[in-house]
>>> print(open('run.tsv').read())   # TSV, C-alpha atoms and all ligand atoms
chain	number	residue	atom	x	y	z
A	1	MET	CA	-48.81	-23.27	-159.89
A	2	LYS	CA	-45.15	-23.82	-160.74
A	3	LEU	CA	-44.49	-25.44	-164.14
A	4	THR	CA	-41.38	-27.48	-164.95
A	5	PHE	CA	-39.60	-27.65	-168.30
A	6	PRO	CA	-36.96	-29.92	-169.88
A	7	VAL	CA	-33.41	-28.56	-169.92
A	8	THR	CA	-30.65	-29.07	-172.49
A	9	ARG	CA	-27.39	-27.82	-170.98
A	10	THR	CA	-24.83	-26.10	-173.16
A	11	THR	CA	-21.68	-28.04	-174.03
A	12	HIS	CA	-19.83	-24.75	-174.66
A	13	PRO	CA	-20.13	-22.51	-171.59
A	14	LYS	CA	-19.13	-18.94	-172.38
A	15	GLN	CA	-16.26	-17.02	-170.92
A	16	ARG	CA	-17.64	-14.85	-168.09
A	17	PRO	CA	-17.00	-11.12	-167.96
A	18	THR	CA	-14.19	-10.77	-165.43
A	19	ASP	CA	-14.87	-7.27	-164.08
A	20	GLU	CA	-18.44	-6.84	-162.78
A	21	SER	CA	-17.93	-3.07	-162.52
A	22	GLN	CA	-17.60	-2.89	-166.33
A	23	LEU	CA	-20.67	-4.85	-167.43
A	24	GLY	CA	-22.53	-1.99	-169.11
A	25	PHE	CA	-26.09	-2.72	-170.23
A	26	ALA	CA	-26.90	-5.97	-172.09
A	27	ARG	CA	-23.45	-6.48	-173.62
A	28	TYR	CA	-23.07	-10.06	-172.40
A	29	PHE	CA	-25.60	-12.91	-172.53
A	30	THR	CA	-25.69	-16.03	-170.40
A	31	ASP	CA	-25.36	-19.68	-171.46
A	32	HIS	CA	-29.06	-20.59	-171.66
A	33	MET	CA	-32.41	-19.27	-172.85
A	34	PHE	CA	-36.07	-20.29	-172.55
A	35	VAL	CA	-38.15	-21.02	-175.66
A	36	MET	CA	-41.84	-21.89	-176.04
A	37	ASP	CA	-44.09	-22.15	-179.10
A	38	TYR	CA	-47.69	-21.18	-179.76
A	39	ASP	CA	-49.86	-22.67	-182.44
A	40	GLU	CA	-53.44	-21.69	-183.14
A	41	GLY	CA	-55.70	-24.47	-181.86
A	42	GLN	CA	-52.96	-25.85	-179.58
A	43	GLY	CA	-52.02	-22.89	-177.39
A	44	TRP	CA	-48.61	-22.44	-175.71
A	45	HIS	CA	-46.62	-25.67	-175.79
A	46	ASP	CA	-43.18	-27.24	-175.55
A	47	GLY	CA	-41.52	-24.82	-173.12
A	48	ARG	CA	-37.83	-25.70	-172.78
A	49	VAL	CA	-34.49	-24.37	-171.59
A	50	VAL	CA	-31.79	-24.66	-174.26
A	51	PRO	CA	-28.33	-23.20	-174.93
A	52	HIS	CA	-28.38	-19.49	-175.81
A	53	GLU	CA	-27.47	-19.45	-179.49
A	54	PRO	CA	-28.65	-17.86	-182.77
A	55	ILE	CA	-32.10	-18.99	-183.93
A	56	LEU	CA	-33.30	-19.86	-187.40
A	57	ILE	CA	-36.07	-17.65	-188.74
A	58	GLU	CA	-37.76	-17.87	-192.13
A	59	PRO	CA	-37.14	-14.54	-193.96
A	60	ALA	CA	-40.87	-14.26	-194.76
A	61	SER	CA	-41.85	-14.43	-191.05
A	62	CYS	CA	-44.40	-11.74	-190.35
A	63	VAL	CA	-42.44	-10.17	-187.46
A	64	LEU	CA	-39.62	-9.20	-189.82
A	65	HIS	CA	-42.07	-7.25	-191.98
A	66	TYR	CA	-44.91	-6.03	-189.78
A	67	ALA	CA	-43.30	-6.06	-186.31
A	68	GLN	CA	-45.95	-8.10	-184.50
A	69	MET	CA	-43.96	-8.54	-181.31
A	70	MET	CA	-43.76	-7.49	-177.69
A	71	PHE	CA	-41.17	-7.58	-174.93
A	72	GLU	CA	-40.79	-7.13	-171.19
A	73	GLY	CA	-37.89	-6.05	-169.01
A	74	MET	CA	-37.22	-7.23	-165.46
A	75	LYS	CA	-34.29	-8.20	-163.28
A	76	ALA	CA	-33.02	-10.90	-160.91
A	77	TYR	CA	-30.87	-9.89	-157.94
A	78	ARG	CA	-28.44	-11.74	-155.69
A	79	ARG	CA	-29.10	-11.25	-151.97
A	80	PRO	CA	-26.19	-11.21	-149.50
A	81	ASP	CA	-27.05	-14.84	-148.50
A	82	GLY	CA	-26.78	-15.99	-152.14
A	83	THR	CA	-30.50	-16.45	-152.78
A	84	ILE	CA	-31.85	-15.01	-156.03
A	85	GLN	CA	-34.95	-12.83	-156.13
A	86	LEU	CA	-37.17	-11.01	-158.60
A	87	PHE	CA	-39.00	-7.70	-158.11
A	88	ARG	CA	-42.78	-7.51	-158.58
A	89	PRO	CA	-42.87	-10.05	-161.46
A	90	ASP	CA	-46.68	-10.19	-161.21
A	91	MET	CA	-46.72	-6.60	-162.50
A	92	ASN	CA	-44.72	-7.58	-165.60
A	93	ALA	CA	-47.12	-10.49	-166.18
A	94	LYS	CA	-50.13	-8.15	-165.99
A	95	ARG	CA	-48.54	-5.56	-168.29
A	96	MET	CA	-47.75	-8.36	-170.72
A	97	VAL	CA	-51.45	-9.28	-170.86
A	98	ARG	CA	-52.32	-5.67	-171.79
A	99	THR	CA	-49.55	-5.45	-174.41
A	100	ASN	CA	-50.51	-8.78	-175.97
A	101	GLU	CA	-54.15	-7.72	-176.15
A	102	ARG	CA	-53.12	-4.53	-178.00
A	103	MET	CA	-50.86	-6.44	-180.41
A	104	CYS	CA	-53.30	-9.37	-181.00
A	105	ILE	CA	-50.68	-11.72	-179.54
A	106	PRO	CA	-52.17	-14.64	-177.58
A	107	GLU	CA	-52.27	-14.13	-173.81
A	108	LEU	CA	-49.35	-15.67	-171.93
A	109	PRO	CA	-50.43	-16.91	-168.47
A	110	GLU	CA	-48.50	-15.52	-165.47
A	111	GLU	CA	-47.38	-19.02	-164.40
A	112	ILE	CA	-45.65	-19.58	-167.74
A	113	LEU	CA	-43.77	-16.28	-167.49
A	114	ILE	CA	-42.64	-16.80	-163.90
A	115	SER	CA	-41.93	-20.55	-164.20
A	116	GLY	CA	-40.01	-19.93	-167.45
A	117	ILE	CA	-37.91	-17.25	-165.77
A	118	GLU	CA	-37.24	-19.48	-162.78
A	119	ALA	CA	-36.25	-22.40	-165.04
A	120	VAL	CA	-33.72	-20.43	-167.08
A	121	VAL	CA	-32.36	-18.37	-164.17
A	122	ARG	CA	-31.77	-21.65	-162.28
A	123	GLU	CA	-29.43	-22.85	-165.04
A	124	ASP	CA	-27.51	-19.56	-165.12
A	125	ALA	CA	-27.81	-18.58	-161.45
A	126	ASP	CA	-24.06	-18.11	-161.04
A	127	TRP	CA	-24.22	-15.41	-163.74
A	128	VAL	CA	-26.26	-13.14	-161.41
A	129	PRO	CA	-23.73	-10.43	-160.51
A	130	SER	CA	-23.32	-9.01	-157.02
A	131	ALA	CA	-21.15	-5.88	-157.48
A	132	PRO	CA	-22.80	-2.56	-156.55
A	133	GLY	CA	-25.27	-1.38	-159.21
A	134	THR	CA	-25.45	-4.73	-161.02
A	135	SER	CA	-28.20	-7.31	-161.61
A	136	LEU	CA	-29.25	-9.95	-164.13
A	137	TYR	CA	-31.43	-8.29	-166.76
A	138	ILE	CA	-34.25	-10.57	-167.94
A	139	ARG	CA	-35.72	-9.98	-171.39
A	140	PRO	CA	-38.89	-12.00	-172.15
A	141	PHE	CA	-40.24	-11.43	-175.68
A	142	ILE	CA	-42.79	-12.86	-178.10
A	143	PHE	CA	-42.87	-12.58	-181.88
A	144	GLY	CA	-45.13	-13.84	-184.63
A	145	ASP	CA	-43.17	-16.10	-186.98
A	146	GLU	CA	-45.89	-17.29	-189.30
A	147	VAL	CA	-44.78	-17.17	-192.93
A	148	SER	CA	-47.25	-14.62	-194.19
A	149	PHE	CA	-47.39	-11.18	-195.76
A	150	SER	CA	-51.05	-10.69	-194.81
A	151	VAL	CA	-51.42	-7.77	-192.45
A	152	LEU	CA	-53.21	-9.96	-189.92
A	153	PRO	CA	-52.27	-11.52	-186.57
A	154	ALA	CA	-49.99	-14.56	-186.89
A	155	LYS	CA	-51.11	-18.12	-186.13
A	156	HIS	CA	-47.71	-19.15	-184.76
A	157	TYR	CA	-45.55	-17.36	-182.16
A	158	ARG	CA	-42.37	-17.93	-180.24
A	159	PHE	CA	-41.88	-16.84	-176.63
A	160	MET	CA	-38.28	-16.52	-175.48
A	161	ILE	CA	-36.45	-15.35	-172.37
A	162	ILE	CA	-32.80	-14.29	-172.57
A	163	LEU	CA	-30.58	-13.09	-169.72
A	164	SER	CA	-27.79	-10.55	-169.44
A	165	PRO	CA	-25.63	-9.61	-166.45
A	166	THR	CA	-25.75	-5.80	-166.47
A	167	GLY	CA	-24.63	-2.65	-164.76
A	168	SER	CA	-26.35	0.67	-165.18
A	169	TYR	CA	-28.07	1.68	-168.42
A	170	TYR	CA	-26.47	5.13	-168.39
A	171	ALA	CA	-22.75	4.47	-168.09
A	172	GLY	CA	-21.22	5.97	-164.98
A	173	ASN	CA	-23.91	5.07	-162.47
A	174	ASP	CA	-22.00	1.90	-161.50
A	175	LYS	CA	-19.84	4.22	-159.42
A	176	GLY	CA	-22.78	5.71	-157.51
A	177	LEU	CA	-25.47	7.88	-159.03
A	178	GLN	CA	-24.44	10.55	-161.50
A	179	THR	CA	-26.59	13.01	-163.38
A	180	THR	CA	-27.39	12.68	-167.08
A	181	ARG	CA	-27.99	15.21	-169.86
A	182	ILE	CA	-31.33	14.81	-171.66
A	183	TYR	CA	-32.54	16.22	-175.00
A	184	VAL	CA	-36.11	17.51	-175.24
A	185	GLU	CA	-37.49	16.37	-178.61
A	186	ASP	CA	-39.87	18.94	-180.06
A	187	GLU	CA	-40.30	17.65	-183.61
A	188	TYR	CA	-40.76	13.86	-183.61
A	189	ILE	CA	-43.27	12.11	-181.34
A	190	ARG	CA	-43.24	8.74	-179.58
A	191	ALA	CA	-46.93	7.99	-179.07
A	192	ALA	CA	-50.42	9.34	-179.66
A	193	THR	CA	-53.71	8.45	-178.02
A	194	GLY	CA	-55.09	5.31	-179.63
A	195	GLY	CA	-51.61	4.09	-180.56
A	196	THR	CA	-49.30	1.63	-178.80
A	197	GLY	CA	-47.58	4.00	-176.35
A	198	TYR	CA	-48.80	2.14	-173.24
A	199	ALA	CA	-47.72	-1.23	-174.62
A	200	LYS	CA	-44.21	-2.66	-174.50
A	201	VAL	CA	-43.52	-3.15	-178.19
A	202	GLY	CA	-40.36	-2.77	-180.25
A	203	GLY	CA	-41.98	-0.29	-182.65
A	204	ASN	CA	-42.25	2.33	-179.91
A	205	TYR	CA	-38.48	2.24	-179.57
A	206	GLY	CA	-37.57	1.76	-183.25
A	207	GLY	CA	-39.66	4.82	-184.10
A	208	GLY	CA	-37.80	6.79	-181.43
A	209	MET	CA	-34.32	6.24	-182.77
A	210	ARG	CA	-34.41	9.26	-185.07
A	211	ALA	CA	-34.83	11.39	-181.95
A	212	SER	CA	-32.07	9.46	-180.14
A	213	LYS	CA	-29.75	10.53	-182.95
A	214	ASN	CA	-30.72	14.15	-182.26
A	215	ALA	CA	-29.98	13.57	-178.57
A	216	ILE	CA	-26.52	12.18	-179.25
A	217	ALA	CA	-25.76	15.01	-181.70
A	218	ASN	CA	-26.52	17.37	-178.81
A	219	GLN	CA	-24.26	15.47	-176.34
A	220	CYS	CA	-27.30	14.04	-174.53
A	221	LYS	CA	-27.81	10.47	-173.34
A	222	ASP	CA	-31.52	10.21	-174.09
A	223	VAL	CA	-34.72	11.93	-175.23
A	224	LEU	CA	-37.53	13.53	-173.23
A	225	TRP	CA	-40.69	13.13	-175.31
A	226	LEU	CA	-43.46	15.72	-175.56
A	227	ASP	CA	-47.14	15.00	-176.28
A	228	ALA	CA	-48.13	14.34	-179.90
A	229	ARG	CA	-50.92	16.91	-180.19
A	230	GLU	CA	-49.33	20.14	-178.92
A	231	HIS	CA	-45.65	19.24	-178.40
A	232	LYS	CA	-46.10	20.97	-175.06
A	233	TYR	CA	-46.53	18.46	-172.20
A	234	VAL	CA	-43.75	16.17	-171.01
A	235	GLU	CA	-44.43	12.45	-171.43
A	236	GLU	CA	-41.55	10.03	-170.83
A	237	ILE	CA	-37.84	9.54	-171.42
A	238	GLY	CA	-36.57	7.14	-174.13
A	239	THR	CA	-36.08	4.18	-171.82
A	240	SER	CA	-38.04	5.21	-168.76
A	241	ASN	CA	-40.68	7.31	-167.02
A	242	ALA	CA	-39.88	10.87	-165.96
A	243	PHE	CA	-40.41	12.61	-162.60
A	244	PHE	CA	-40.04	16.35	-161.90
A	245	ARG	CA	-39.75	17.86	-158.41
A	246	ILE	CA	-40.92	21.47	-158.35
A	247	ASN	CA	-40.63	22.86	-154.83
A	248	ASP	CA	-42.14	20.08	-152.69
A	249	GLU	CA	-44.32	18.38	-155.32
A	250	VAL	CA	-43.09	15.47	-157.42
A	251	ILE	CA	-44.94	15.29	-160.75
A	252	THR	CA	-45.15	12.59	-163.42
A	253	ALA	CA	-47.28	12.27	-166.55
A	254	PRO	CA	-50.68	10.56	-166.00
A	255	LEU	CA	-51.47	7.23	-167.67
A	256	ASP	CA	-54.92	8.17	-168.97
A	257	SER	CA	-53.75	9.39	-172.39
A	258	GLY	CA	-52.63	5.84	-173.24
A	259	THR	CA	-49.28	7.22	-174.40
A	260	ILE	CA	-47.21	6.47	-171.27
A	261	LEU	CA	-45.63	3.12	-170.49
A	262	PRO	CA	-46.99	2.04	-167.08
A	263	GLY	CA	-43.58	1.39	-165.55
A	264	ILE	CA	-43.28	-0.94	-162.59
A	265	THR	CA	-40.53	1.28	-161.18
A	266	ARG	CA	-42.83	4.27	-161.85
A	267	ASP	CA	-45.56	2.67	-159.75
A	268	SER	CA	-43.03	1.78	-157.03
A	269	VAL	CA	-41.73	5.37	-156.93
A	270	ILE	CA	-45.27	6.74	-156.55
A	271	GLN	CA	-46.04	4.27	-153.74
A	272	LEU	CA	-42.78	5.01	-151.90
A	273	LEU	CA	-43.21	8.78	-152.14
A	274	LYS	CA	-46.77	8.50	-150.77
A	275	ARG	CA	-45.53	6.33	-147.92
A	276	TRP	CA	-42.79	8.84	-147.10
A	277	GLY	CA	-45.33	11.69	-147.01
A	278	ILE	CA	-43.93	13.41	-150.11
A	279	LYS	CA	-46.57	15.00	-152.35
A	280	VAL	CA	-46.71	13.15	-155.68
A	281	SER	CA	-49.05	14.05	-158.54
A	282	GLU	CA	-49.88	12.29	-161.78
A	283	ARG	CA	-50.74	15.30	-163.91
A	284	ARG	CA	-49.82	17.07	-167.12
A	285	LEU	CA	-46.83	19.38	-166.87
A	286	SER	CA	-45.67	21.64	-169.68
A	287	ILE	CA	-42.06	21.94	-170.81
A	288	ASP	CA	-42.47	25.72	-170.53
A	289	ASP	CA	-43.34	25.40	-166.82
A	290	ILE	CA	-40.29	23.18	-166.29
A	291	CYS	CA	-37.95	25.63	-168.04
A	292	ALA	CA	-39.42	28.53	-166.02
A	293	ALA	CA	-38.94	26.52	-162.81
A	294	ALA	CA	-35.32	25.80	-163.78
A	295	GLU	CA	-34.78	29.53	-164.22
A	296	ASP	CA	-36.48	30.68	-161.02
A	297	GLY	CA	-34.88	27.93	-158.90
A	298	SER	CA	-38.07	26.04	-158.01
A	299	LEU	CA	-37.09	23.00	-160.13
A	300	LYS	CA	-35.34	20.87	-157.51
A	301	GLU	CA	-34.92	17.53	-159.30
A	302	ILE	CA	-35.65	15.53	-162.41
A	303	PHE	CA	-35.13	11.78	-162.51
A	304	ALA	CA	-35.93	8.85	-164.77
A	305	SER	CA	-37.34	5.57	-163.44
A	306	GLY	CA	-37.28	2.19	-165.15
A	307	THR	CA	-36.09	-1.37	-164.92
A	308	ALA	CA	-32.97	-0.66	-166.97
A	309	ALA	CA	-32.52	2.92	-165.74
A	310	VAL	CA	-33.47	2.12	-162.08
A	311	ILE	CA	-33.46	5.72	-160.78
A	312	SER	CA	-31.34	7.97	-163.03
A	313	PRO	CA	-31.06	11.61	-161.97
A	314	ILE	CA	-30.99	14.27	-164.68
A	315	GLY	CA	-28.74	17.30	-164.33
A	316	THR	CA	-29.46	19.19	-167.56
A	317	LEU	CA	-32.27	19.49	-170.11
A	318	ASN	CA	-31.36	20.65	-173.59
A	319	TYR	CA	-34.43	22.27	-175.21
A	320	LYS	CA	-34.51	24.28	-178.44
A	321	GLY	CA	-30.73	24.70	-178.35
A	322	LYS	CA	-30.60	25.98	-174.77
A	323	ASP	CA	-29.35	24.19	-171.63
A	324	TYR	CA	-31.51	24.27	-168.48
A	325	THR	CA	-29.61	23.11	-165.40
A	326	VAL	CA	-31.67	21.28	-162.80
A	327	ALA	CA	-30.98	22.91	-159.42
A	328	ASP	CA	-27.18	22.68	-158.99
A	329	GLY	CA	-26.84	19.88	-161.59
A	330	LYS	CA	-26.07	17.36	-158.83
A	331	VAL	CA	-27.97	14.24	-157.71
A	332	GLY	CA	-31.14	15.25	-155.85
A	333	GLU	CA	-32.03	13.97	-152.38
A	334	VAL	CA	-35.33	12.33	-153.40
A	335	ALA	CA	-33.69	10.47	-156.32
A	336	GLN	CA	-30.89	9.27	-154.05
A	337	ARG	CA	-33.29	8.08	-151.34
A	338	LEU	CA	-35.46	6.28	-153.91
A	339	TYR	CA	-32.42	4.60	-155.43
A	340	ASP	CA	-31.05	3.53	-152.04
A	341	ASP	CA	-34.34	2.01	-150.88
A	342	LEU	CA	-35.44	0.47	-154.18
A	343	TYR	CA	-32.12	-1.08	-155.18
A	344	GLY	CA	-31.51	-1.91	-151.50
A	345	MET	CA	-34.78	-3.88	-151.29
A	346	GLN	CA	-34.14	-5.50	-154.66
A	347	THR	CA	-30.72	-6.78	-153.57
A	348	GLY	CA	-31.86	-7.71	-150.07
A	349	LYS	CA	-29.67	-5.10	-148.37
A	350	VAL	CA	-32.63	-3.03	-147.19
A	351	GLU	CA	-35.59	-4.73	-145.54
A	352	ASP	CA	-38.45	-5.10	-148.02
A	353	TYR	CA	-41.03	-3.04	-146.14
A	354	MET	CA	-43.32	-2.97	-149.21
A	355	GLY	CA	-43.60	-6.74	-149.80
A	356	TRP	CA	-42.33	-6.35	-153.40
A	357	THR	CA	-39.55	-8.90	-153.62
A	358	TYR	CA	-40.17	-12.41	-154.96
A	359	PRO	CA	-37.54	-14.91	-153.75
A	360	LEU	CA	-36.85	-17.81	-156.10
A	361	ASP	CA	-35.96	-21.23	-154.78
A	362	ILE	CA	-32.40	-20.74	-156.07
A	363	LYS	CA	-29.20	-20.14	-154.11
A	364	VAL	CA	-25.63	-19.58	-155.29
A	365	ASN	CA	-22.44	-19.44	-153.24
A	401	LIG	C1	-36.49	-1.70	-169.44
A	401	LIG	O1	-36.27	-0.84	-168.59
A	401	LIG	O2	-36.57	-2.90	-169.14
A	401	LIG	C2	-36.66	-1.35	-170.82
A	401	LIG	O3	-37.34	-2.06	-171.50
A	401	LIG	C3	-35.95	-0.22	-171.37
A	401	LIG	C4	-35.19	-0.65	-172.57
A	401	LIG	C5	-35.80	-0.06	-173.77
A	401	LIG	C6	-33.73	-0.33	-172.43
>>> encode(input="run.tsv", output="structure tokens")
Amino acid sequence: MKLTFPVTRTTHPKQRPTDESQLGFARYFTDHMFVMDYDEGQGWHDGRVVPHEPILIEPASCVLHYAQMMFEGMKAYRRPDGTIQLFRPDMNAKRMVRTNERMCIPELPEEILISGIEAVVREDADWVPSAPGTSLYIRPFIFGDEVSFSVLPAKHYRFMIILSPTGSYYAGNDKGLQTTRIYVEDEYIRAATGGTGYAKVGGNYGGGMRASKNAIANQCKDVLWLDAREHKYVEEIGTSNAFFRINDEVITAPLDSGTILPGITRDSVIQLLKRWGIKVSERRLSIDDICAAAEDGSLKEIFASGTAAVISPIGTLNYKGKDYTVADGKVGEVAQRLYDDLYGMQTGKVEDYMGWTYPLDIKVN
């Protein structure tokens, strides 16, 4: 069921970025945002589209102290005929239910998420970019803003959706795929079984920033995390899931430890590889096996998958002070094919043979 919401249009439209090939990731935000409130006993209420502007928040709000929040990441794309579409938004809605359950945040029904997105994207539809490698990044998020220092779930929440026209997360990929250098973190950990690793919560990322600093100090763009118990098995990359092609098998970390974010792009990659007849395994893989495969030539590709990262090939791993080059350091054929088909389907340039796209009733010229 589609829900409708009142709209207050901005009286101060922003200046648009002029060069779509220089958007970067989430540097610009559109004119409008979606807001909805939750009160215990009343449920979700008063959804509305309003101008995108700073919000007032009481300094004693629990989210500012105990981080009871969650977020999602998805994108809208402009098809060649000007219609706007989403990609597998039902998967984001389902993941949101699991994250909210973990964080004791009230469940947000799928029709509120999708109708809220449609309502705000409609107002800012002409912000959806069309240059190669671009899209409109959609960031839904919920935070507890009850004034309370009790370490207990809040009784009041705000749900918001903000929009940003973006290019690639790792600068450079706007000009076609390029490989990235990644730092293998062997001291700090991202997630342990029983924690929040599988949920999309800010704390997972805030806690990772110390490692991101290590990555940057080692001229790397992001971190490859190892498991918490033995610091031995590869888990995921800072912003995305990680795939390793050794000879003809593509391997990614399994979800059963509860420490891996169940990426929608991850699931799409697995389904596409199966359909193409490429062997894909969800199994544990040690960093030592990867380094040995880099040295004996059997490591053919590494790539990251995510909403922000799309498919980002990795050319070098930096581990314990040593560089391991992946094959010849160039973009691998599987990563390129995945990128071409996934981003092609998302933008309507490749036929959607998986039934994943979700056209909105919105068209721009
Ligand atoms: C996304 O891919 O949507 C993410 O949430 C990654 C983000 C941390 C940059």
>>> residues_around(input="run.tsv", residues="Glu53 (chain A)", least_positions_apart="4", cutoff="10 Å", atoms="only C-alpha atoms", output="number ranges by chain")
A: 10, 29-33
>>> residues_around(input="run.tsv", residues="region 262-267 of chain A", least_positions_apart="3", cutoff="6 Å", atoms="all atoms listed in the file", output="ChimeraX atom specification")
/A:270,305-306
>>> closest_residue(input="run.tsv", among="A:Gly315, A:Gly116, A:Pro17, A:Gly203", to="ligand LIG 401 (chain A)", atoms="only C-alpha atoms and all ligand atoms")
A:Gly203
>>> closest_residue(input="run.tsv", among="A:Glu301, A:Glu58, A:Asp361, A:Glu72", to="ligand LIG 401 (chain A)", atoms="only C-alpha atoms and all ligand atoms")
A:Glu72
>>> atom_distance(input="run.tsv", atom1="CA of Phe34 (chain A)", atom2="CA of Phe87 (chain A)")
19.4 Å
>>> residues_around(input="run.tsv", residues="Arg78 (chain A)", least_positions_apart="3", cutoff="12 Å", atoms="all atoms listed in the file", output="ChimeraX atom specification")
/A:75,81-87,121,125-137,165,343-349,357-360,362-365
>>> write_last_selection(input="run.tsv", atoms="C-alpha atoms", output="PDB file, in the coordinates of the input")
ATOM      1  CA  LYS A  75     -34.290  -8.200-163.280  1.00  0.00           C
ATOM      2  CA  ASP A  81     -27.050 -14.840-148.500  1.00  0.00           C
ATOM      3  CA  GLY A  82     -26.780 -15.990-152.140  1.00  0.00           C
ATOM      4  CA  THR A  83     -30.500 -16.450-152.780  1.00  0.00           C
ATOM      5  CA  ILE A  84     -31.850 -15.010-156.030  1.00  0.00           C
ATOM      6  CA  GLN A  85     -34.950 -12.830-156.130  1.00  0.00           C
ATOM      7  CA  LEU A  86     -37.170 -11.010-158.600  1.00  0.00           C
ATOM      8  CA  PHE A  87     -39.000  -7.700-158.110  1.00  0.00           C
ATOM      9  CA  VAL A 121     -32.360 -18.370-164.170  1.00  0.00           C
ATOM     10  CA  ALA A 125     -27.810 -18.580-161.450  1.00  0.00           C
ATOM     11  CA  ASP A 126     -24.060 -18.110-161.040  1.00  0.00           C
ATOM     12  CA  TRP A 127     -24.220 -15.410-163.740  1.00  0.00           C
ATOM     13  CA  VAL A 128     -26.260 -13.140-161.410  1.00  0.00           C
ATOM     14  CA  PRO A 129     -23.730 -10.430-160.510  1.00  0.00           C
ATOM     15  CA  SER A 130     -23.320  -9.010-157.020  1.00  0.00           C
ATOM     16  CA  ALA A 131     -21.150  -5.880-157.480  1.00  0.00           C
ATOM     17  CA  PRO A 132     -22.800  -2.560-156.550  1.00  0.00           C
ATOM     18  CA  GLY A 133     -25.270  -1.380-159.210  1.00  0.00           C
ATOM     19  CA  THR A 134     -25.450  -4.730-161.020  1.00  0.00           C
ATOM     20  CA  SER A 135     -28.200  -7.310-161.610  1.00  0.00           C
ATOM     21  CA  LEU A 136     -29.250  -9.950-164.130  1.00  0.00           C
ATOM     22  CA  TYR A 137     -31.430  -8.290-166.760  1.00  0.00           C
ATOM     23  CA  PRO A 165     -25.630  -9.610-166.450  1.00  0.00           C
ATOM     24  CA  TYR A 343     -32.120  -1.080-155.180  1.00  0.00           C
ATOM     25  CA  GLY A 344     -31.510  -1.910-151.500  1.00  0.00           C
ATOM     26  CA  MET A 345     -34.780  -3.880-151.290  1.00  0.00           C
ATOM     27  CA  GLN A 346     -34.140  -5.500-154.660  1.00  0.00           C
ATOM     28  CA  THR A 347     -30.720  -6.780-153.570  1.00  0.00           C
ATOM     29  CA  GLY A 348     -31.860  -7.710-150.070  1.00  0.00           C
ATOM     30  CA  LYS A 349     -29.670  -5.100-148.370  1.00  0.00           C
ATOM     31  CA  THR A 357     -39.550  -8.900-153.620  1.00  0.00           C
ATOM     32  CA  TYR A 358     -40.170 -12.410-154.960  1.00  0.00           C
ATOM     33  CA  PRO A 359     -37.540 -14.910-153.750  1.00  0.00           C
ATOM     34  CA  LEU A 360     -36.850 -17.810-156.100  1.00  0.00           C
ATOM     35  CA  ILE A 362     -32.400 -20.740-156.070  1.00  0.00           C
ATOM     36  CA  LYS A 363     -29.200 -20.140-154.110  1.00  0.00           C
ATOM     37  CA  VAL A 364     -25.630 -19.580-155.290  1.00  0.00           C
ATOM     38  CA  ASN A 365     -22.440 -19.440-153.240  1.00  0.00           C
TER      39      ASN A 365
END
>>> atom_distance(input="run.tsv", atom1="CA of Asp124 (chain A)", atom2="CA of Tyr353 (chain A)")
28.6 Å
>>> residues_near_ligand(input="run.tsv", ligand="ligand LIG 401 (chain A)", cutoff="7 Å", atoms="all atoms listed in the file", output="list in words")
Glu72, Gly73, Met74, Tyr205, Thr239, Ser240, Gly306, Thr307, Ala308 and Ala309 of chain A
>>> residues_near_point(input="run.tsv", point="(-49.2, -20.3, -174.9)", cutoff="7 Å", atoms="only C-alpha atoms", output="JSON, numbers by chain")
{"A": [37, 38, 43, 44, 45, 106, 107, 108]}
>>> write_last_selection(input="run.tsv", atoms="C-alpha atoms", output="compact mmCIF listing (two decimals), keeping the file's coordinate frame")
# COMPACT_ATOMS: atom_id res chain seq x y z
CA ASP A 37 -44.09 -22.15 -179.10
CA TYR A 38 -47.69 -21.18 -179.76
CA GLY A 43 -52.02 -22.89 -177.39
CA TRP A 44 -48.61 -22.44 -175.71
CA HIS A 45 -46.62 -25.67 -175.79
CA PRO A 106 -52.17 -14.64 -177.58
CA GLU A 107 -52.27 -14.13 -173.81
CA LEU A 108 -49.35 -15.67 -171.93
>>> closest_residue(input="run.tsv", among="A:Arg48, A:Arg210, A:His12, A:Lys2", to="Ile114 (chain A)", atoms="only C-alpha atoms")
A:Lys2
>>> atom_distance(input="run.tsv", atom1="CA of Pro59 (chain A)", atom2="CA of Arg158 (chain A)")
15.1 Å
>>> residues_around(input="run.tsv", residues="Ile290 (chain A)", least_positions_apart="4", cutoff="10 Å", atoms="only C-alpha atoms", output="PDB file with C-alpha atoms, keeping the file's coordinate frame")
ATOM      1  CA  TYR A 233     -46.530  18.460-172.200  1.00  0.00           C
ATOM      2  CA  VAL A 234     -43.750  16.170-171.010  1.00  0.00           C
ATOM      3  CA  PHE A 244     -40.040  16.350-161.900  1.00  0.00           C
ATOM      4  CA  ARG A 245     -39.750  17.860-158.410  1.00  0.00           C
ATOM      5  CA  ILE A 246     -40.920  21.470-158.350  1.00  0.00           C
ATOM      6  CA  LEU A 285     -46.830  19.380-166.870  1.00  0.00           C
ATOM      7  CA  SER A 286     -45.670  21.640-169.680  1.00  0.00           C
ATOM      8  CA  ALA A 294     -35.320  25.800-163.780  1.00  0.00           C
ATOM      9  CA  GLU A 295     -34.780  29.530-164.220  1.00  0.00           C
ATOM     10  CA  ASP A 296     -36.480  30.680-161.020  1.00  0.00           C
ATOM     11  CA  SER A 298     -38.070  26.040-158.010  1.00  0.00           C
ATOM     12  CA  LEU A 299     -37.090  23.000-160.130  1.00  0.00           C
ATOM     13  CA  ILE A 302     -35.650  15.530-162.410  1.00  0.00           C
ATOM     14  CA  LEU A 317     -32.270  19.490-170.110  1.00  0.00           C
ATOM     15  CA  TYR A 324     -31.510  24.270-168.480  1.00  0.00           C
ATOM     16  CA  VAL A 326     -31.670  21.280-162.800  1.00  0.00           C
TER      17      VAL A 326
END
